[in-house]
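Visitor: This is the structure I want to talk about, given as structure tokens.
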Amino acid sequence: MPDPTYVCIAAVRIQQWISRTPRLVLSRGASRALAEKTGDDRLRRLLADRPLAGGVRLADDAPDVDGVIVLRVDDPEPTTVRAVADWLRRAVADELPGVEWKAWAHQATSYAIAKAAADQGLTSHGEWHFPPTELDVPFANACDGCRHEYAVETTKLPGENTDVALGPDCLDRLASSARLTNAPRGMTFDDLARTGGVASEEAVPQTVGRRAANNHLATIAADGNRVGAVFEHLARMSSSPFVHQGDETTVQAALSALLERATRDAVANAGCVGDPDAKYPSAIVHLVGGDDVLASVGARFAWEYVTALLTKFDEVFKSGLAALVEAAKGSGALNDAEADEVTKLGDGVSLGVGIAFANRTHPFADCADMAHRALSQAKASGRGAAAVSWVDLTVEASVPPGRFAWPDQLGDDLPTARMTSSARTTLEAILRDRWPVSLSTLNSDHDVDQLTALWEDVKRWCVRTDNAKVLSGREPAGAEQLAEALIGLRSDLDRARWWPKQGRSGL
């Protein structure tokens with residue numbers, strides 16, 4: 001029997017699509033619509049109602065990720081495969097007109113091998129692109145929900161009294177929002193900022209550097225580190241045919257399921273921050289799937305949310321990996337050497353996180369974009385390890401180079417948060433005004449004399465003002481550590497701006 005052919009259709013630029021509307025009900029509706037219309041349950045029903053020729057079924061060895069559908073086709077004939085791809089387009093792409101889609105088909109012994117070939121552009125049956133519906137009708141009215149399509153119907157949105165004209169994509173978002181269950185349908189970004197996770201505005205926890213903590217949101221983006229390396233290694237292994245069988249018991253399939261579970265458990269754990277009796281939740285998750293997360297959180301809960309997210313992901317993934325490897329060894333799927341290698345690679349899997357702090361009226365699309373820019377810096381700075389980077393759009397236009405923190409720096413104790421407001425302001429001014437120009441691009445060839453002079457001035461000021469505690473553990477061992485110590489201090493001063501004033505709960 002020939003190897004099966006895997007036909008995959010995947011939404012691209014999902015987060016940009018979700019965030020292109022300023023209305024929370026429509027962004028939440030988009031997340032719901034994507035999950036419903038690409039979910040396994042819906043596809044199974046469609047295939048059961050009208051079976052396709054060629055032995056078509058959902059691929060059990062592919063992960064269940066929102067926005068991605070993988071079918072397994074027994075018949076490798078090109079006409080059969082293309083017919084399946086066209087069916088997927090009608091079943092999914094036509095149902096979500098605002099989403100951009102890409103599809104591919106490849107004959108292989110497992111989904112992992114087929115995906116690796118697709119990533120390299122080496123598919124056996126080709127690739128297809130399905131662009132979204134855009135605003136391209138002359139003189140048509142633009143959709144009030146997103147401005148990316150033309151309006152076809154006038155309606156009312158939950159919590160709004162005026163009529164709005166919506167296009168097909170936003171109408172679909174609105175219909176899907178009726179099935180939301182984790183928060184009131186009419187909840188707005190303003191509600192999330194003001195009372196998300198708290199019983200009332202009077203009970204809003206204060207942050208160290210902001211008096212109006214209920215006017216701001218944090219947009220949080222997370223993505224896995226070193227995940228691809230584990231799957232690529234498994235795809236290259238040939239000593240155990242079990243790993244390459246296209247069924248639900250493959251190591252790749254188990255690992256995909258573990259990654260999905262770790263991410264979803266981490267999001268659920270992070271969503272518990274704040275008062276459980278609050279009318280509105282402390283966070284709204286726009287996207288979670290595979291190892292990707294996009295969420296909006298009240299700025300006052302941002303650091304607590306991120307810590308809970310990182311901690312739970314690491315806990316679930318590491319324990320699950322150990323159990324998976326032992327089961328694979330016991331079944332003969334992996335020998336001892338292979339198991340050790342998978343464990344070693346799996347131990348390097350973690351989450352990188354980017355945060356964008358902004359006023360609640362700041363465009364959501366820009367917040368999401370800046371959170372992803374911060375995420376990119378976190379992943380680059382962490383060099384594969386878990387790290388967090390952030391940008392404060394109330395005072396910055398871009399992510400400052402070199403700003404990041406390790407997960408073990410996100411505990412309750414932040415010395416810069418215990419400084420007085422005037423002391424923090426003064427120390428920030430010293431670092432800003434004396435900051436070497438070369439440090440703005442983090443070149444390796446820094447002016448050591450300039451850095452040394454700045455460090456000595458900072459030390460003298462801290463000792464004189466009884467703030468020496470903020471330098472504890474920072475003393476550079478040599479010239480090479482000067483830049484790292486100063487950048488770390490500057491980052492901690494900035495982090496204090498949104499640090500909870502009364503400490504943090506639940507960690």
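Residue names in the structure tokens use chain letters A, B, ... in the order shown, residue numbers from 1 in each chain, and ligand numbers from 1 in the order shown.
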Enumerate as a PyMOL selection string all residues of segment 221-463 of chain A assigned to helix (DSSP H, G or I) by DSSP on the backbone, naming them with the chain letters and numbers the document uses.

Guide: chain A and resi 227-236+241-244+251-270+299-331+336-347+364-382+407-409+415-418+421-433+437-441+448-463

Visitor: Could you write those residues out with C-alpha atoms, as a CSV table (one decimal), in the first residue's frame?

Guide:
chain,number,residue,atom,x,y,z
A,227,VAL,CA,10.0,23.2,19.7
A,228,GLY,CA,10.9,22.7,16.1
A,229,ALA,CA,14.2,21.1,17.0
A,230,VAL,CA,12.5,18.2,18.9
A,231,PHE,CA,10.1,17.4,16.0
A,232,GLU,CA,12.9,17.7,13.4
A,233,HIS,CA,15.0,15.2,15.4
A,234,LEU,CA,12.1,12.8,15.6
A,235,ALA,CA,11.4,13.1,11.9
A,236,ARG,CA,15.1,12.2,11.2
A,241,PRO,CA,9.6,2.3,12.6
A,242,PHE,CA,7.0,3.1,15.4
A,243,VAL,CA,8.0,6.7,15.3
A,244,HIS,CA,7.2,6.9,11.6
A,251,VAL,CA,5.8,9.9,19.4
A,252,GLN,CA,5.3,13.0,17.3
A,253,ALA,CA,1.5,12.8,17.8
A,254,ALA,CA,1.9,12.4,21.6
A,255,LEU,CA,4.4,15.3,21.7
A,256,SER,CA,2.1,17.5,19.7
A,257,ALA,CA,-0.8,16.7,22.1
A,258,LEU,CA,1.5,17.4,25.1
A,259,LEU,CA,2.6,20.8,23.7
A,260,GLU,CA,-1.1,21.8,23.2
A,261,ARG,CA,-2.0,20.6,26.7
A,262,ALA,CA,0.9,22.5,28.3
A,263,THR,CA,0.0,25.7,26.5
A,264,ARG,CA,-3.7,25.5,27.3
A,265,ASP,CA,-3.1,24.5,31.0
A,266,ALA,CA,-0.7,27.4,31.3
A,267,VAL,CA,-3.3,29.8,29.9
A,268,ALA,CA,-6.0,28.5,32.2
A,269,ASN,CA,-3.7,28.8,35.2
A,270,ALA,CA,-2.7,32.4,34.3
A,299,ALA,CA,-2.0,46.1,33.2
A,300,ARG,CA,-2.0,45.6,37.0
A,301,PHE,CA,-2.0,41.8,36.6
A,302,ALA,CA,0.5,41.6,33.7
A,303,TRP,CA,3.5,40.4,35.6
A,304,GLU,CA,1.5,37.9,37.7
A,305,TYR,CA,-0.2,36.6,34.6
A,306,VAL,CA,3.2,36.1,32.8
A,307,THR,CA,4.7,34.3,35.8
A,308,ALA,CA,1.8,32.0,36.1
A,309,LEU,CA,1.9,31.3,32.4
A,310,LEU,CA,5.6,30.4,32.4
A,311,THR,CA,5.5,28.4,35.6
A,312,LYS,CA,2.6,26.2,34.5
A,313,PHE,CA,3.8,25.6,31.0
A,314,ASP,CA,7.2,24.4,32.3
A,315,GLU,CA,5.6,22.2,34.9
A,316,VAL,CA,3.1,20.5,32.6
A,317,PHE,CA,5.5,20.1,29.7
A,318,LYS,CA,8.5,18.7,31.6
A,319,SER,CA,6.4,16.2,33.6
A,320,GLY,CA,4.5,15.2,30.5
A,321,LEU,CA,7.7,14.7,28.6
A,322,ALA,CA,9.2,12.5,31.2
A,323,ALA,CA,6.0,10.3,31.1
A,324,LEU,CA,6.0,10.3,27.3
A,325,VAL,CA,9.6,9.2,27.0
A,326,GLU,CA,9.2,6.4,29.6
A,327,ALA,CA,6.1,5.1,27.7
A,328,ALA,CA,7.9,5.3,24.4
A,329,LYS,CA,10.8,3.3,25.9
A,330,GLY,CA,8.5,0.7,27.4
A,331,SER,CA,6.7,0.2,24.0
A,336,ASP,CA,17.7,4.3,25.5
A,337,ALA,CA,20.0,6.6,23.4
A,338,GLU,CA,17.0,8.0,21.5
A,339,ALA,CA,15.1,8.6,24.7
A,340,ASP,CA,18.0,10.5,26.2
A,341,GLU,CA,18.3,12.7,23.1
A,342,VAL,CA,14.6,13.5,23.1
A,343,THR,CA,14.7,14.3,26.8
A,344,LYS,CA,17.7,16.5,26.3
A,345,LEU,CA,16.0,18.4,23.5
A,346,GLY,CA,12.7,18.5,25.3
A,347,ASP,CA,14.3,20.0,28.4
A,364,PHE,CA,-5.5,46.8,19.7
A,365,ALA,CA,-3.8,45.9,16.4
A,366,ASP,CA,-0.8,48.1,17.3
A,367,CYS,CA,-0.6,46.6,20.8
A,368,ALA,CA,-0.6,43.1,19.3
A,369,ASP,CA,2.1,44.1,16.8
A,370,MET,CA,4.3,45.6,19.5
A,371,ALA,CA,3.8,42.6,21.8
A,372,HIS,CA,5.1,40.4,19.0
A,373,ARG,CA,8.1,42.7,18.5
A,374,ALA,CA,8.8,42.4,22.2
A,375,LEU,CA,8.4,38.6,21.9
A,376,SER,CA,11.0,38.5,19.1
A,377,GLN,CA,13.4,40.4,21.3
A,378,ALA,CA,12.7,38.0,24.2
A,379,LYS,CA,13.4,35.0,22.0
A,380,ALA,CA,16.6,36.6,20.6
A,381,SER,CA,17.9,37.7,24.1
A,382,GLY,CA,17.0,34.4,25.7
A,407,PRO,CA,11.6,33.9,34.7
A,408,ASP,CA,13.4,33.6,38.0
A,409,GLN,CA,13.6,37.4,38.1
A,415,PRO,CA,14.1,46.0,44.8
A,416,THR,CA,13.5,48.9,42.4
A,417,ALA,CA,9.8,48.7,43.3
A,418,ARG,CA,10.6,49.5,46.9
A,421,SER,CA,9.0,57.5,43.2
A,422,SER,CA,11.5,60.4,43.3
A,423,ALA,CA,14.5,58.0,43.7
A,424,ARG,CA,13.4,55.9,40.8
A,425,THR,CA,13.0,59.0,38.6
A,426,THR,CA,16.4,60.3,39.6
A,427,LEU,CA,18.2,57.0,38.9
A,428,GLU,CA,16.4,56.7,35.6
A,429,ALA,CA,17.6,60.2,34.6
A,430,ILE,CA,21.2,59.3,35.6
A,431,LEU,CA,21.1,56.2,33.4
A,432,ARG,CA,19.3,57.9,30.5
A,433,ASP,CA,21.5,61.0,30.4
A,437,VAL,CA,25.4,55.9,22.5
A,438,SER,CA,27.0,52.6,21.6
A,439,LEU,CA,24.8,50.9,24.1
A,440,SER,CA,21.7,51.8,22.2
A,441,THR,CA,22.6,49.1,19.6
A,448,VAL,CA,34.7,50.5,28.8
A,449,ASP,CA,35.9,53.7,30.5
A,450,GLN,CA,32.5,55.3,29.8
A,451,LEU,CA,30.6,52.3,31.2
A,452,THR,CA,32.9,52.1,34.3
A,453,ALA,CA,32.4,55.8,35.1
A,454,LEU,CA,28.6,55.4,34.8
A,455,TRP,CA,28.6,52.3,37.0
A,456,GLU,CA,30.7,54.1,39.7
A,457,ASP,CA,28.4,57.1,39.6
A,458,VAL,CA,25.4,54.9,40.0
A,459,LYS,CA,27.0,53.1,42.9
A,460,ARG,CA,27.9,56.3,44.7
A,461,TRP,CA,24.4,57.7,44.2
A,462,CYS,CA,22.7,54.5,45.5
A,463,VAL,CA,24.9,54.4,48.6

Visitor: A:Leu410, A:Ala114, A:Leu482, A:Leu157: which is nearest Ala62 of chain A, counting only C-alpha atoms?

Guide: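 Distance minimum relative to Ala62 of chain A lands on A:Ala114.
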
Visitor: Compare A:Thr133, A:Thr123, A:Asn225, A:Ser27 by their minimum atom-to-atom distance to Val349 of chain A, counting only C-alpha atoms, and give me the closest one.

Guide: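 Of the candidates, the smallest distance to Val349 of chain A is held by A:Asn225.
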
Visitor: Tell me which protein, DNA and RNA residues are within 12 Å of Asp86 of chain A, counting only C-alpha atoms, leaving out same-chain ones fewer than 4 positions away, and put them as a VMD selection string.

Guide: chain A and resid 7 to 9 52 79 to 82 90 to 94 102 to 105 127 to 130

Visitor: Tell me which of A:Ser350, A:Thr361, A:Thr154, A:Thr250 sits closest to Gly332 of chain A, counting only C-alpha atoms.

Guide: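 Closest to Gly332 of chain A, using only C-alpha atoms: A:Thr250.
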